[in-house]
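Asker: Handing you this structure, nothing more for now.
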Amino acid sequence: MRKRIVFLPGDGVGEEVSRGAMKVLRHVAEEYELEIESREFAIGGACLDKHGIPVQEETIAACKNADAVFLGAVGGPEWDKNPAELRPEIALLRLRKELALFTNLRPVKVFSPLAGASSLKPEYVQGVDLLVVRELTGGIYFGQPKFTESIDNGERAVDTMAYSTPEIERIARVAFEAAMKRRKKVTSVDKANILVTSRLWRKTVTRIAEDYPHVELEHLLVDNCAMQLVKNPRQFDVILTGNMFGDVLSDEASMLTGSLGMLPSASLGTGVGLYEPVHGSAPDIAGKNIANPLAAIASVALMFHYSFNMENAAQTIEKAIEKVLKVGFRTADLTMNGHESVSTSEMTDEVIRKIDAQKNDSAAQNLSAGNGKVYWLLETMSLETS
Ligand code: IPM
Ligand code: MG
C-alpha cells in the first residue's frame with residue numbers, strides 16, 4: 001500500500017515537531033509495510049518569506065490530491081503587522097475551507113504520569129478523558145461581511161458570526177456519533193442567552209439529539225463551560241461547539257493535560273484529512289530543540305486511524321507515547337520539580353525506541369484489543385451528511 005502525504009511544517013516550533021512526527025510516521029509506516037510518498041511545501045510565514053503569499057495554489061491542489069496532510073504550525077511576530085490577507089493564519093483558514101474540513105476533533109486525555117504537571121490539582125484532572133468537537137469552517141471565522149473602515153474618530157471593524165441549519169446538523173451528528181462510542185454524553189456549548197446563532201445552534205442540536213436516544217444531551221453557556229472545565233473537568237465526555245468557542249475552550253482544556261504540547265488534532269471533512277498539533281508556533285522557544293513533539297506525534301496516530309484506517313499502527317504510536325511518559329521522559333513544558341528534561345529530538349527518538357520495543361513484545365498484541373487505548377478514537381464513520 002502507498003499513501004501520498006503533504007507535509008507542511010510551517011513556522012516556529014511547527015518545523016521542529018513536524019520533523020519528529022514525520023520520522024515517527026516513516027518508521028511506523030515501514031513496520032506496517034506502508035509506502036509513504038511525501039511532498040513538502042512552505043506554508044504560513046515561511047511561505048510569505050519565500051513566495052510573498054501565505055499559501056500557494058499548488059500547495060492547495062497537492063493537498064486536495066493527497067491521502068493526508070500534516071501541518072506543524074503557522075504564525076509568528078515577524079508577520080503580525082502584515083495586512084489581513086497576508087497573515088500566516090490565512091493559509092490555515094484557506095486550507096480548512098478549500099478541503100471542507102468542517103470537523104475538528106481534539107481529544108483531551110490526561111495521562112496519569114502527567115496528572116501532577118497540570119496547573120490544576122491532580123485529584124481534579126486525574127482520569128479526564130474528553131473530546132472537543134469543534135465546527136471548523138463556519139461561524140465568526142468565516143462570516144461575511146468582515147472589514148475595517150475609517151470613521152471620524154478612528155476606525156470601525158466588523159466580524160460576522162453566522163451559522164446555518166445544515167452546518168450545525170452535520171457537526172452535531174459527528175458529536176453524537178462520537179458520543180455513541182464513548183460515554184454517551186454530549187455537552188453542547190453556546191451563548192444562547194445573547195446570540196441568535198446560538199439559539200439556532202441549540203434548537204438544531206436538540207432536534208438532532210432525537211435520533212440518538214441513548215445519548216444524554218446537555219446545553220451549557222460558554223462562560224459556564226469555561227468555568228466547569230476547571231471546576232470539574234471529569235463531567236465532560238464530548239463537548240460540541242462552534243468555531244470560536246471551540247478555539248478558546250480547547251486551549252483551556254489542554255491545560256488539564258499538563259501542557260498544550262500534548263494535544264493532537266484531526267480536521268476532517270468528506271475528503272482528505274489534515275492533522276496538526278493544537279499548539280501554535282511558540283516563537284519564544286522556536287529553534288531551540290526543546291518543544292514537546294508529542295502532540296505532533298499523536299496527530300500522526302490520528303492520521304493512521306482516520307485517514308488510513310490502520311488501527312494497530314495508531315495504537316502502536318499511542319502506546320509508545322504512554323510508555324515514554326511512564327518511564328519519566330519529559331520535555332521542558334512537562335517538567336515537574338527535580339525532573340530533568342529531554343529535547344525535541346530525544347523525545348522523538350525515545351518514542352521510536354518504544355515503538356521498536358513493542359515489536360517484540362507480544363503483550364502489545366493484547367493491548368490492541370481495546371483496553372489499552374490511549375485516546376478514544378472514532379470507529380470508521382461516514383462524515384457525509386446532507
Ligand atoms: C487553532 C489555532 C488557529 C485557530 C489559528 C492559528 C488560525 O488557534 O487551530 O486553534 O484559531 O483556529
Ligand atoms: Mg487555537
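Residues in the C-alpha cells are numbered from 1 in each chain, the chains being A, B, ... in the order shown, and ligands are numbered from 1 in the order shown.
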As a quick test: using only C-alpha atoms and all ligand atoms, which residues lie no more than 7 Å away from ligand 2? Give them as a list in words.
Answerer: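 Listed by chain and ascending number, the contacts are Asp247, Val248, Asp251 and Val278 of chain A.
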Asker: Using only C-alpha atoms and all ligand atoms, which protein or nucleic acid residues are at most 10 Å from ligand 1, as number ranges by chain?
Answerer: A: 44, 73-76, 87-94, 96, 104, 106, 134, 136-137, 141, 243-251, 265, 267, 276-281
Asker: To one decimal place, how far is atom CA of A:Asp80 from atom CA of A:Val55 in Å?
Answerer: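 Rounded to one decimal, the two atoms are 16.3 Å apart.
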Asker: Can you work out the spacing between atom CA of A:Lys323 and atom CA of A:Val24 in Å, to one decimal?
Answerer: 15.0 Å
Asker: Between atom CA of A:Asn82 and atom CA of A:Ile151, what is the distance in Å, rounded to a tenth?
Answerer: 21.6 Å
Asker: Considering only C-alpha atoms, can you say which of A:Val158, A:Leu221, A:Val189, A:Glu167 comes closest to A:Gln144?
Answerer: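 Answer, going by the shortest atom-to-atom distance: A:Val158.
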Asker: Among stretch 142-380 of chain A, which residues does DSSP mark as strand (DSSP E) when it is run on the backbone? Keep the chain and numbering as in the structure and answer as number ranges by chain.
Answerer: A: 143-151, 154-160, 185-190, 216-221, 238-241, 264-268, 273-277
Asker: How would the residues just chosen look if you wrote them out with C-alpha atoms as a short mmCIF file (atom, residue, chain, number, x, y, z; two decimals), in the first residue's frame?
Answerer:
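So part.cif came out as:
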```cif
data_model
loop_
_atom_site.label_atom_id
_atom_site.label_comp_id
_atom_site.auth_asym_id
_atom_site.auth_seq_id
_atom_site.Cartn_x
_atom_site.Cartn_y
_atom_site.Cartn_z
CA GLY A 143 -18.86 35.06 8.27
CA GLN A 144 -19.32 37.97 5.87
CA PRO A 145 -19.13 40.93 5.95
CA LYS A 146 -15.74 41.27 7.56
CA PHE A 147 -13.97 44.63 7.22
CA THR A 148 -12.30 47.61 8.83
CA GLU A 149 -13.39 51.13 7.86
CA SER A 150 -12.30 54.63 8.76
CA ILE A 151 -14.63 56.73 10.84
CA GLY A 154 -10.69 56.30 14.40
CA GLU A 155 -11.65 53.07 12.76
CA ARG A 156 -14.51 50.61 12.97
CA ALA A 157 -14.08 46.86 12.47
CA VAL A 158 -16.76 44.26 11.83
CA ASP A 159 -16.75 40.46 12.01
CA THR A 160 -19.88 38.45 11.36
CA LYS A 185 -22.90 12.27 26.75
CA VAL A 186 -22.82 15.42 24.61
CA THR A 187 -22.41 18.87 26.11
CA SER A 188 -23.35 21.44 23.51
CA VAL A 189 -21.80 24.82 24.22
CA ASP A 190 -23.24 28.13 23.04
CA GLU A 216 -27.58 12.34 27.08
CA LEU A 217 -27.58 15.91 25.79
CA GLU A 218 -26.88 18.93 27.96
CA HIS A 219 -26.55 22.57 26.93
CA LEU A 220 -24.06 24.86 28.60
CA LEU A 221 -23.43 28.55 28.09
CA VAL A 238 -18.00 15.10 24.20
CA ILE A 239 -18.02 18.89 24.02
CA LEU A 240 -19.75 20.09 20.85
CA THR A 241 -19.26 23.69 19.93
CA PRO A 264 -3.24 16.37 18.83
CA SER A 265 -5.99 17.19 16.38
CA ALA A 266 -7.67 15.81 13.32
CA SER A 267 -9.56 18.02 10.90
CA LEU A 268 -11.93 16.01 8.79
CA GLY A 273 -7.92 14.81 6.48
CA LEU A 274 -5.49 17.30 7.99
CA TYR A 275 -3.53 16.52 11.15
CA GLU A 276 -1.82 19.05 13.34
CA PRO A 277 -0.81 19.61 16.93
#
```
Asker: Between A:Ile60, A:Tyr212, A:Gly287, A:Ala68, which one has atoms that come closest to A:Phe304, using only C-alpha atoms?
Answerer: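 Distance minimum relative to A:Phe304 lands on A:Ala68.
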Asker: Out of A:Ala178, A:Phe102, A:Val272, A:Gly10, which residue has the shortest atom-to-atom distance to A:Cys47 when counting only C-alpha atoms?
Answerer: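 With only C-alpha atoms as the atom set, the closest residue is A:Gly10.
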Asker: Can you list, as JSON, numbers by chain, every protein, DNA or RNA residue that comes within 12 Å of A:Gln126 when you count only C-alpha atoms, leaving out same-chain residues fewer than 6 positions away?
Answerer: {"A": [108, 109, 110, 111, 112, 113, 114, 115, 116, 117, 118, 120, 232, 233, 234, 256, 257, 258]}
Asker: Given the selection you just returned, output its residues as a file containing all heavy atoms, formatted as a short mmCIF file (atom, residue, chain, number, x, y, z; two decimals), in the first residue's frame.
Answerer:
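Result file follows (out.cif):
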```cif
data_model
loop_
_atom_site.label_atom_id
_atom_site.label_comp_id
_atom_site.auth_asym_id
_atom_site.auth_seq_id
_atom_site.Cartn_x
_atom_site.Cartn_y
_atom_site.Cartn_z
N VAL A 108 -8.79 15.25 24.55
CA VAL A 108 -8.06 15.73 25.73
C VAL A 108 -8.06 14.61 26.75
O VAL A 108 -9.07 14.31 27.37
CB VAL A 108 -8.74 16.97 26.33
CG1 VAL A 108 -7.98 17.46 27.57
CG2 VAL A 108 -8.87 18.08 25.30
N LYS A 109 -6.90 13.97 26.86
CA LYS A 109 -6.81 12.81 27.75
C LYS A 109 -5.66 13.05 28.71
O LYS A 109 -4.55 13.37 28.29
CB LYS A 109 -6.57 11.57 26.87
CG LYS A 109 -5.95 10.43 27.59
CD LYS A 109 -6.93 9.32 27.80
CE LYS A 109 -6.26 8.24 28.63
NZ LYS A 109 -7.14 7.26 29.16
N VAL A 110 -5.93 12.92 29.98
CA VAL A 110 -4.86 13.11 30.97
C VAL A 110 -4.14 11.78 31.18
O VAL A 110 -4.75 10.79 31.60
CB VAL A 110 -5.42 13.66 32.30
CG1 VAL A 110 -4.33 13.68 33.36
CG2 VAL A 110 -5.99 15.05 32.09
N PHE A 111 -2.86 11.75 30.87
CA PHE A 111 -2.05 10.56 31.13
C PHE A 111 -1.73 10.57 32.62
O PHE A 111 -1.22 11.58 33.12
CB PHE A 111 -0.73 10.66 30.37
CG PHE A 111 -0.88 10.57 28.88
CD1 PHE A 111 -1.19 11.69 28.13
CD2 PHE A 111 -0.70 9.36 28.22
CE1 PHE A 111 -1.32 11.61 26.76
CE2 PHE A 111 -0.82 9.27 26.86
CZ PHE A 111 -1.14 10.40 26.12
N SER A 112 -1.96 9.46 33.29
CA SER A 112 -1.78 9.52 34.76
C SER A 112 -0.39 9.98 35.19
O SER A 112 -0.29 10.73 36.15
CB SER A 112 -2.21 8.24 35.45
OG SER A 112 -2.07 7.16 34.62
N PRO A 113 0.72 9.60 34.50
CA PRO A 113 2.01 10.10 35.00
C PRO A 113 2.13 11.63 34.91
O PRO A 113 3.02 12.21 35.51
CB PRO A 113 3.04 9.46 34.06
CG PRO A 113 2.32 8.46 33.24
CD PRO A 113 0.87 8.74 33.31
N LEU A 114 1.22 12.26 34.14
CA LEU A 114 1.32 13.71 33.98
C LEU A 114 0.32 14.49 34.81
O LEU A 114 0.25 15.71 34.71
CB LEU A 114 1.11 14.08 32.50
CG LEU A 114 2.23 13.72 31.53
CD1 LEU A 114 1.92 14.31 30.17
CD2 LEU A 114 3.56 14.26 32.03
N ALA A 115 -0.48 13.77 35.61
CA ALA A 115 -1.52 14.48 36.37
C ALA A 115 -0.92 15.60 37.22
O ALA A 115 -1.52 16.66 37.40
CB ALA A 115 -2.32 13.50 37.21
N GLY A 116 0.30 15.38 37.71
CA GLY A 116 0.95 16.39 38.54
C GLY A 116 1.51 17.56 37.74
O GLY A 116 1.92 18.57 38.31
N ALA A 117 1.55 17.43 36.41
CA ALA A 117 2.10 18.50 35.59
C ALA A 117 1.07 19.58 35.28
O ALA A 117 1.41 20.67 34.83
CB ALA A 117 2.65 17.93 34.28
N SER A 118 -0.19 19.27 35.53
CA SER A 118 -1.22 20.26 35.26
C SER A 118 -1.15 21.35 36.30
O SER A 118 -0.72 21.13 37.43
CB SER A 118 -2.60 19.59 35.31
OG SER A 118 -3.61 20.57 35.27
N LEU A 120 -3.72 22.50 37.55
CA LEU A 120 -4.79 22.18 38.48
C LEU A 120 -4.33 21.04 39.39
O LEU A 120 -3.44 20.28 39.04
CB LEU A 120 -6.04 21.74 37.73
CG LEU A 120 -6.69 22.77 36.81
CD1 LEU A 120 -7.98 22.22 36.24
CD2 LEU A 120 -6.96 24.06 37.56
N ASN A 232 -14.72 21.07 37.41
CA ASN A 232 -14.99 19.63 37.46
C ASN A 232 -14.89 19.05 36.05
O ASN A 232 -15.89 18.70 35.43
CB ASN A 232 -16.40 19.42 38.05
CG ASN A 232 -16.80 17.96 37.99
OD1 ASN A 232 -15.96 17.07 37.85
ND2 ASN A 232 -18.10 17.71 38.07
N PRO A 233 -13.65 18.93 35.53
CA PRO A 233 -13.49 18.54 34.12
C PRO A 233 -13.93 17.11 33.82
O PRO A 233 -14.21 16.80 32.66
CB PRO A 233 -11.99 18.72 33.87
CG PRO A 233 -11.34 18.72 35.21
CD PRO A 233 -12.36 19.26 36.18
N ARG A 234 -14.00 16.27 34.84
CA ARG A 234 -14.36 14.87 34.56
C ARG A 234 -15.82 14.71 34.16
O ARG A 234 -16.22 13.66 33.67
CB ARG A 234 -14.07 14.00 35.78
CG ARG A 234 -12.69 13.35 35.74
CD ARG A 234 -12.57 12.25 36.77
NE ARG A 234 -12.82 12.75 38.10
CZ ARG A 234 -11.86 13.19 38.93
NH1 ARG A 234 -10.61 13.14 38.55
NH2 ARG A 234 -12.16 13.66 40.12
N LEU A 256 -5.47 20.94 31.16
CA LEU A 256 -5.78 19.86 32.10
C LEU A 256 -4.74 18.75 31.96
O LEU A 256 -4.41 18.05 32.91
CB LEU A 256 -7.17 19.28 31.80
CG LEU A 256 -8.35 20.27 31.80
CD1 LEU A 256 -9.58 19.61 31.21
CD2 LEU A 256 -8.62 20.75 33.21
N THR A 257 -4.21 18.61 30.74
CA THR A 257 -3.26 17.53 30.47
C THR A 257 -1.85 17.87 30.92
O THR A 257 -0.95 17.05 30.82
CB THR A 257 -3.17 17.21 28.97
OG1 THR A 257 -2.54 18.33 28.32
CG2 THR A 257 -4.52 16.97 28.36
N GLY A 258 -1.63 19.10 31.36
CA GLY A 258 -0.30 19.48 31.80
C GLY A 258 0.37 20.41 30.80
O GLY A 258 1.18 21.24 31.18
#
```
Asker: Can you work out which one of A:Leu86, A:Met310, A:Val28, A:Ala296 has the shortest atom-to-atom distance to A:Ala46, counting only C-alpha atoms?
Answerer: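 Among A:Leu86, A:Met310, A:Val28, A:Ala296, it is A:Leu86 that comes nearest to A:Ala46.
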Asker: Would you mind writing down, as a PDB file with N, CA and C atoms, in the first residue's frame, each residue of stretch 239-320 of chain A that DSSP on the backbone assigns to alpha helix (DSSP H)?
Answerer:
```pdb
ATOM      1  N   ASN A 243     -16.948  27.304  16.034  1.00  0.00           N
ATOM      2  CA  ASN A 243     -15.561  27.576  15.692  1.00  0.00           C
ATOM      3  C   ASN A 243     -14.835  28.422  16.745  1.00  0.00           C
ATOM      4  N   MET A 244     -15.401  29.549  17.092  1.00  0.00           N
ATOM      5  CA  MET A 244     -14.730  30.470  18.018  1.00  0.00           C
ATOM      6  C   MET A 244     -14.678  29.917  19.439  1.00  0.00           C
ATOM      7  N   PHE A 245     -15.817  29.437  19.926  1.00  0.00           N
ATOM      8  CA  PHE A 245     -15.823  28.896  21.300  1.00  0.00           C
ATOM      9  C   PHE A 245     -14.913  27.670  21.380  1.00  0.00           C
ATOM     10  N   GLY A 246     -14.883  26.881  20.317  1.00  0.00           N
ATOM     11  CA  GLY A 246     -14.049  25.679  20.297  1.00  0.00           C
ATOM     12  C   GLY A 246     -12.571  26.021  20.341  1.00  0.00           C
ATOM     13  N   ASP A 247     -12.215  27.113  19.687  1.00  0.00           N
ATOM     14  CA  ASP A 247     -10.822  27.558  19.703  1.00  0.00           C
ATOM     15  C   ASP A 247     -10.398  27.859  21.135  1.00  0.00           C
ATOM     16  N   VAL A 248     -11.221  28.621  21.834  1.00  0.00           N
ATOM     17  CA  VAL A 248     -10.887  29.053  23.194  1.00  0.00           C
ATOM     18  C   VAL A 248     -10.943  27.871  24.173  1.00  0.00           C
ATOM     19  N   LEU A 249     -12.037  27.127  24.113  1.00  0.00           N
ATOM     20  CA  LEU A 249     -12.206  26.035  25.096  1.00  0.00           C
ATOM     21  C   LEU A 249     -11.170  24.927  24.920  1.00  0.00           C
ATOM     22  N   SER A 250     -10.728  24.684  23.675  1.00  0.00           N
ATOM     23  CA  SER A 250      -9.758  23.599  23.513  1.00  0.00           C
ATOM     24  C   SER A 250      -8.391  23.991  24.071  1.00  0.00           C
ATOM     25  N   ASP A 251      -8.017  25.257  23.970  1.00  0.00           N
ATOM     26  CA  ASP A 251      -6.772  25.678  24.622  1.00  0.00           C
ATOM     27  C   ASP A 251      -6.908  25.543  26.135  1.00  0.00           C
ATOM     28  N   GLU A 252      -8.059  25.945  26.643  1.00  0.00           N
ATOM     29  CA  GLU A 252      -8.271  25.836  28.095  1.00  0.00           C
ATOM     30  C   GLU A 252      -8.197  24.365  28.523  1.00  0.00           C
ATOM     31  N   ALA A 253      -8.892  23.508  27.780  1.00  0.00           N
ATOM     32  CA  ALA A 253      -8.938  22.085  28.138  1.00  0.00           C
ATOM     33  C   ALA A 253      -7.550  21.451  28.065  1.00  0.00           C
ATOM     34  N   SER A 254      -6.722  21.955  27.169  1.00  0.00           N
ATOM     35  CA  SER A 254      -5.396  21.354  27.009  1.00  0.00           C
ATOM     36  C   SER A 254      -4.587  21.450  28.290  1.00  0.00           C
ATOM     37  N   LEU A 294       5.169  15.573  21.270  1.00  0.00           N
ATOM     38  CA  LEU A 294       4.175  14.511  21.465  1.00  0.00           C
ATOM     39  C   LEU A 294       2.824  14.821  20.831  1.00  0.00           C
ATOM     40  N   ALA A 295       2.408  16.089  20.840  1.00  0.00           N
ATOM     41  CA  ALA A 295       1.132  16.427  20.191  1.00  0.00           C
ATOM     42  C   ALA A 295       1.222  16.149  18.691  1.00  0.00           C
ATOM     43  N   ALA A 296       2.365  16.478  18.108  1.00  0.00           N
ATOM     44  CA  ALA A 296       2.556  16.239  16.673  1.00  0.00           C
ATOM     45  C   ALA A 296       2.586  14.735  16.386  1.00  0.00           C
ATOM     46  N   ILE A 297       3.288  14.001  17.245  1.00  0.00           N
ATOM     47  CA  ILE A 297       3.398  12.552  17.054  1.00  0.00           C
ATOM     48  C   ILE A 297       2.029  11.890  17.258  1.00  0.00           C
ATOM     49  N   ALA A 298       1.291  12.366  18.258  1.00  0.00           N
ATOM     50  CA  ALA A 298      -0.054  11.817  18.479  1.00  0.00           C
ATOM     51  C   ALA A 298      -0.976  12.163  17.304  1.00  0.00           C
ATOM     52  N   SER A 299      -0.706  13.267  16.633  1.00  0.00           N
ATOM     53  CA  SER A 299      -1.511  13.625  15.451  1.00  0.00           C
ATOM     54  C   SER A 299      -1.264  12.615  14.322  1.00  0.00           C
ATOM     55  N   VAL A 300      -0.046  12.073  14.270  1.00  0.00           N
ATOM     56  CA  VAL A 300       0.251  11.028  13.288  1.00  0.00           C
ATOM     57  C   VAL A 300      -0.573   9.771  13.599  1.00  0.00           C
ATOM     58  N   ALA A 301      -0.719   9.494  14.892  1.00  0.00           N
ATOM     59  CA  ALA A 301      -1.567   8.349  15.271  1.00  0.00           C
ATOM     60  C   ALA A 301      -2.993   8.570  14.770  1.00  0.00           C
ATOM     61  N   LEU A 302      -3.471   9.790  14.907  1.00  0.00           N
ATOM     62  CA  LEU A 302      -4.827  10.089  14.430  1.00  0.00           C
ATOM     63  C   LEU A 302      -4.907   9.912  12.906  1.00  0.00           C
ATOM     64  N   MET A 303      -3.828  10.265  12.224  1.00  0.00           N
ATOM     65  CA  MET A 303      -3.780  10.092  10.759  1.00  0.00           C
ATOM     66  C   MET A 303      -3.912   8.610  10.393  1.00  0.00           C
ATOM     67  N   PHE A 304      -3.143   7.775  11.086  1.00  0.00           N
ATOM     68  CA  PHE A 304      -3.235   6.333  10.816  1.00  0.00           C
ATOM     69  C   PHE A 304      -4.661   5.851  11.046  1.00  0.00           C
ATOM     70  N   HIS A 305      -5.270   6.390  12.075  1.00  0.00           N
ATOM     71  CA  HIS A 305      -6.617   5.926  12.380  1.00  0.00           C
ATOM     72  C   HIS A 305      -7.656   6.425  11.370  1.00  0.00           C
ATOM     73  N   TYR A 306      -7.748   7.737  11.232  1.00  0.00           N
ATOM     74  CA  TYR A 306      -8.844   8.305  10.429  1.00  0.00           C
ATOM     75  C   TYR A 306      -8.615   8.228   8.932  1.00  0.00           C
ATOM     76  N   GLU A 311      -5.654   0.853  12.466  1.00  0.00           N
ATOM     77  CA  GLU A 311      -5.844   0.970  13.905  1.00  0.00           C
ATOM     78  C   GLU A 311      -4.630   0.487  14.716  1.00  0.00           C
ATOM     79  N   ASN A 312      -4.027  -0.620  14.275  1.00  0.00           N
ATOM     80  CA  ASN A 312      -2.881  -1.127  15.031  1.00  0.00           C
ATOM     81  C   ASN A 312      -1.706  -0.163  15.006  1.00  0.00           C
ATOM     82  N   ALA A 313      -1.479   0.438  13.841  1.00  0.00           N
ATOM     83  CA  ALA A 313      -0.380   1.401  13.742  1.00  0.00           C
ATOM     84  C   ALA A 313      -0.662   2.595  14.655  1.00  0.00           C
ATOM     85  N   ALA A 314      -1.910   3.042  14.662  1.00  0.00           N
ATOM     86  CA  ALA A 314      -2.284   4.175  15.525  1.00  0.00           C
ATOM     87  C   ALA A 314      -2.006   3.831  16.984  1.00  0.00           C
ATOM     88  N   GLN A 315      -2.404   2.640  17.365  1.00  0.00           N
ATOM     89  CA  GLN A 315      -2.237   2.263  18.765  1.00  0.00           C
ATOM     90  C   GLN A 315      -0.780   2.019  19.141  1.00  0.00           C
ATOM     91  N   THR A 316       0.006   1.555  18.170  1.00  0.00           N
ATOM     92  CA  THR A 316       1.438   1.384  18.433  1.00  0.00           C
ATOM     93  C   THR A 316       2.036   2.721  18.862  1.00  0.00           C
ATOM     94  N   ILE A 317       1.668   3.771  18.156  1.00  0.00           N
ATOM     95  CA  ILE A 317       2.209   5.101  18.484  1.00  0.00           C
ATOM     96  C   ILE A 317       1.674   5.573  19.835  1.00  0.00           C
ATOM     97  N   GLU A 318       0.397   5.396  20.039  1.00  0.00           N
ATOM     98  CA  GLU A 318      -0.197   5.874  21.294  1.00  0.00           C
ATOM     99  C   GLU A 318       0.379   5.154  22.515  1.00  0.00           C
ATOM    100  N   LYS A 319       0.588   3.855  22.367  1.00  0.00           N
ATOM    101  CA  LYS A 319       1.187   3.104  23.482  1.00  0.00           C
ATOM    102  C   LYS A 319       2.613   3.581  23.742  1.00  0.00           C
ATOM    103  N   ALA A 320       3.336   3.874  22.652  1.00  0.00           N
ATOM    104  CA  ALA A 320       4.720   4.328  22.812  1.00  0.00           C
ATOM    105  C   ALA A 320       4.760   5.667  23.559  1.00  0.00           C
TER     106      ALA A 320
END
```
Asker: Might you pull out every residue within 9 Å of A:Ser343, with only C-alpha atoms counted and same-chain residues fewer than 4 positions away left off, and present them as a list of chain:residue names?
Answerer: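 Everything that qualifies: A:Lys288, A:Asn289, A:Ile290, A:Ala291, A:Asn292, A:Arg330, A:Thr331, A:Ala332, A:Met347, A:Thr348.
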